[in-house]
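Only one structure is covered here, and it is reproduced in the block below.
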Amino acid sequence: MSMITPSGRGKGSYKGGARKNDNNRIYANPLPLLFIEPPPGPLRSVLGLLGLSLTEVVNPHCEGIFDPETRSVWVSNARDTMLLWQRGFFGKGDLSRSEPSWLARQINLRKMGGKQMTSEEVTAKRRAERRQFKLDRAAAIAAVAAEAEAIFEAEGRVIKPALSGPAIPSAATWRPSPSPAAETPLAPPSPEEDEEPIELEPLVDVEHLQLTLQEAFFLAWTLDCLTIIDAQTNEAMTLKQLWTACQVAHLPPSIPQNPNPPLQFDNPFLVNYVVYHHYRSLGWVVKGGIKFCVDYLLYKRGPVFTHAEFAMVVCPVYEDLEDQKTSSIDLQNSSPFAWSWLSTINRVNSQVQKTLILVYVTIPARSRVPLDILDSPACLERYSVREVTLRRFIPARMRD
């Protein structure tokens, strides 16, 4: 059972601003499945007393293509792409940072001149302004230091350069300067009589949603709302075929190539899927955490509402150490890591107000569990998950 509970965070951790109401409406459903309650009535009351329900489950039945080279599943249908993202934040756009917004950005650039920006464009603009603020502040500090040096050379007085004041911009007072192009707009060219209007080619959405194998199998097995197509046969994969293909995709290549490699308990797909399924089942939104040097990030509702509260590092633990010595897979973080590495990761996530969680996944021993159990997801019950929370001790903040 997970002991992770949402922590009290300041208002700065919330996102959305003026779009908060729109986000609550667009992302109201936490899963692709919809549960429609019938109107109140005597029949519903009687069935409720008997423990029965007339709730209708609406399954969207999305479709994706399995790609073993990238260890992912591609969803190309626009309707399925937006549905999976807006109902649970599954996957990411292959041409976007997270939400598939490439087509919206192109339409905005072509028709609206960039006046209505997408979330990705807002983030890029904010980062550019932050970079310009740092440059302006560094230039102002250098100018103050040069002035103090000139006074020392001319008068012999020592003046300590100030790092704050009217001459030094701060985050509260600095404003980005308008670009020269915005100050002096170009005059529109005079139309020629013989000039024909340029017809722009219609935009075609070339972006697809990219699901990790953990996300794809969760949608296909747990929710039964995703059909995965084999790219070679162009036929729908059965659950057993998908389960085996996900494991084989994470095995190291062998020479000569073995068409039916033996399955192993320490397969990276199994270890990571145990963690993904564990926290998804507890209601968390689980996303990749490579940006913060971790395996997963946990969101309470989703990336559009709040920043991630927890950063997860998956640490496999072998029940039998002999299995680790004889295994052909070198699992990440399965061996003891350096204290300096742990301190670095903890510091990085503490600076962005995230709590670091070490998630220990116990891999069952081959001497205790037969290998044929790996042919089905029933083997997942043999794995266990334990959590260790790490926090930095900051004397100035933790005196109370």
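Every chain in the structure tokens has a letter given in the order shown (A, B, ...), and although residue numbers restart at 1 in each chain, ligands are simply numbered from 1 in the order shown.
For range 260-309 of chain A, backbone-based DSSP assignment of strand (DSSP E) covers Val285, Val286, Lys287, Gly288, Tyr296, Leu297, Leu298 and Tyr299 of chain A.
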Within 7 Å of range 71-84 of chain A, counting only C-alpha atoms, which residues qualify if same-chain residues fewer than 4 places away don't, as a count of residues only? 18
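Near Pro259 in chain A, within 12 Å and counting only C-alpha atoms, sit Thr244, Ala245, Val248, Ala249, Leu251, Pro253, Ser254, Ile255, Pro256, Gln257, Pro261 and Pro262 of chain A; same-chain residues fewer than 2 positions away were not included.
Residues lying within 10 Å of Leu374 in chain A, counting only C-alpha atoms and ignoring same-chain neighbours fewer than 5 positions away, are A:Trp243, A:Thr244, A:Gln247, A:Pro262, A:Leu263, A:Gln264, A:Phe265, A:Leu270, A:Val369, A:Cys379, A:Leu380.
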If DSSP is run on the backbone, what residues of range 71-305 of chain A are helix (DSSP H, G or I)? A reply as a PyMOL selection string would be ideal. chain A and resi 78-86+102-111+119-155+180-183+213-222+239-249+268-281+290-292
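CA of Arg347 in chain A to CA of Phe133 in chain A spans 24.6 Å [interatomic distance, one decimal].
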Can you pull out every residue within 10 Å of Phe218 in chain A, counting only C-alpha atoms, but drop anything in the same chain fewer than 4 positions away, and send it as number ranges by chain? A: 212-214, 222-226, 273, 276-277, 280-281
For the residues selected in the previous step, produce a file with N, CA, C and O atoms as a PDB file, in the first residue's frame.
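The result, stored in part00.pdb:
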ATOM      1  N   THR A 212       4.477   5.200 -24.242  1.00  0.00           N
ATOM      2  CA  THR A 212       5.456   4.228 -23.791  1.00  0.00           C
ATOM      3  C   THR A 212       4.787   2.857 -23.721  1.00  0.00           C
ATOM      4  O   THR A 212       3.558   2.744 -23.679  1.00  0.00           O
ATOM      5  N   LEU A 213       5.591   1.811 -23.702  1.00  0.00           N
ATOM      6  CA  LEU A 213       5.014   0.469 -23.643  1.00  0.00           C
ATOM      7  C   LEU A 213       4.270   0.245 -22.327  1.00  0.00           C
ATOM      8  O   LEU A 213       3.298  -0.508 -22.283  1.00  0.00           O
ATOM      9  N   GLN A 214       4.709   0.901 -21.265  1.00  0.00           N
ATOM     10  CA  GLN A 214       3.992   0.792 -19.992  1.00  0.00           C
ATOM     11  C   GLN A 214       2.609   1.431 -20.100  1.00  0.00           C
ATOM     12  O   GLN A 214       1.606   0.861 -19.641  1.00  0.00           O
ATOM     13  N   THR A 222      -5.499  -3.150 -18.600  1.00  0.00           N
ATOM     14  CA  THR A 222      -6.276  -2.721 -17.446  1.00  0.00           C
ATOM     15  C   THR A 222      -7.592  -2.067 -17.849  1.00  0.00           C
ATOM     16  O   THR A 222      -8.645  -2.358 -17.265  1.00  0.00           O
ATOM     17  N   LEU A 223      -7.563  -1.179 -18.857  1.00  0.00           N
ATOM     18  CA  LEU A 223      -8.765  -0.445 -19.254  1.00  0.00           C
ATOM     19  C   LEU A 223      -9.438  -1.016 -20.491  1.00  0.00           C
ATOM     20  O   LEU A 223     -10.601  -0.691 -20.750  1.00  0.00           O
ATOM     21  N   ASP A 224      -8.720  -1.847 -21.260  1.00  0.00           N
ATOM     22  CA  ASP A 224      -9.285  -2.469 -22.464  1.00  0.00           C
ATOM     23  C   ASP A 224      -9.857  -1.424 -23.424  1.00  0.00           C
ATOM     24  O   ASP A 224     -10.923  -1.614 -24.014  1.00  0.00           O
ATOM     25  N   CYS A 225      -9.139  -0.311 -23.586  1.00  0.00           N
ATOM     26  CA  CYS A 225      -9.626   0.745 -24.476  1.00  0.00           C
ATOM     27  C   CYS A 225      -8.653   1.037 -25.613  1.00  0.00           C
ATOM     28  O   CYS A 225      -8.823   2.031 -26.322  1.00  0.00           O
ATOM     29  N   LEU A 226      -7.626   0.208 -25.771  1.00  0.00           N
ATOM     30  CA  LEU A 226      -6.637   0.426 -26.825  1.00  0.00           C
ATOM     31  C   LEU A 226      -6.373  -0.879 -27.552  1.00  0.00           C
ATOM     32  O   LEU A 226      -6.030  -1.890 -26.932  1.00  0.00           O
ATOM     33  N   TYR A 273       6.906  -1.407 -15.387  1.00  0.00           N
ATOM     34  CA  TYR A 273       5.449  -1.495 -15.445  1.00  0.00           C
ATOM     35  C   TYR A 273       4.852  -1.724 -14.060  1.00  0.00           C
ATOM     36  O   TYR A 273       3.759  -1.230 -13.759  1.00  0.00           O
ATOM     37  N   TYR A 276       4.635   1.712 -12.677  1.00  0.00           N
ATOM     38  CA  TYR A 276       3.630   2.507 -13.375  1.00  0.00           C
ATOM     39  C   TYR A 276       2.221   2.062 -12.995  1.00  0.00           C
ATOM     40  O   TYR A 276       1.357   2.882 -12.663  1.00  0.00           O
ATOM     41  N   HIS A 277       1.969   0.764 -13.020  1.00  0.00           N
ATOM     42  CA  HIS A 277       0.639   0.241 -12.700  1.00  0.00           C
ATOM     43  C   HIS A 277       0.284   0.532 -11.241  1.00  0.00           C
ATOM     44  O   HIS A 277      -0.879   0.849 -10.927  1.00  0.00           O
ATOM     45  N   ARG A 280      -0.578   4.370 -11.001  1.00  0.00           N
ATOM     46  CA  ARG A 280      -1.772   4.683 -11.791  1.00  0.00           C
ATOM     47  C   ARG A 280      -3.023   4.128 -11.107  1.00  0.00           C
ATOM     48  O   ARG A 280      -4.075   4.761 -11.093  1.00  0.00           O
ATOM     49  N   SER A 281      -2.908   2.956 -10.527  1.00  0.00           N
ATOM     50  CA  SER A 281      -4.053   2.347  -9.848  1.00  0.00           C
ATOM     51  C   SER A 281      -4.443   3.122  -8.596  1.00  0.00           C
ATOM     52  O   SER A 281      -5.589   3.039  -8.150  1.00  0.00           O
TER      53      SER A 281
END
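Interatomic distance, CA of Leu358 in chain A to CA of Leu219 in chain A: 25.5 Å.
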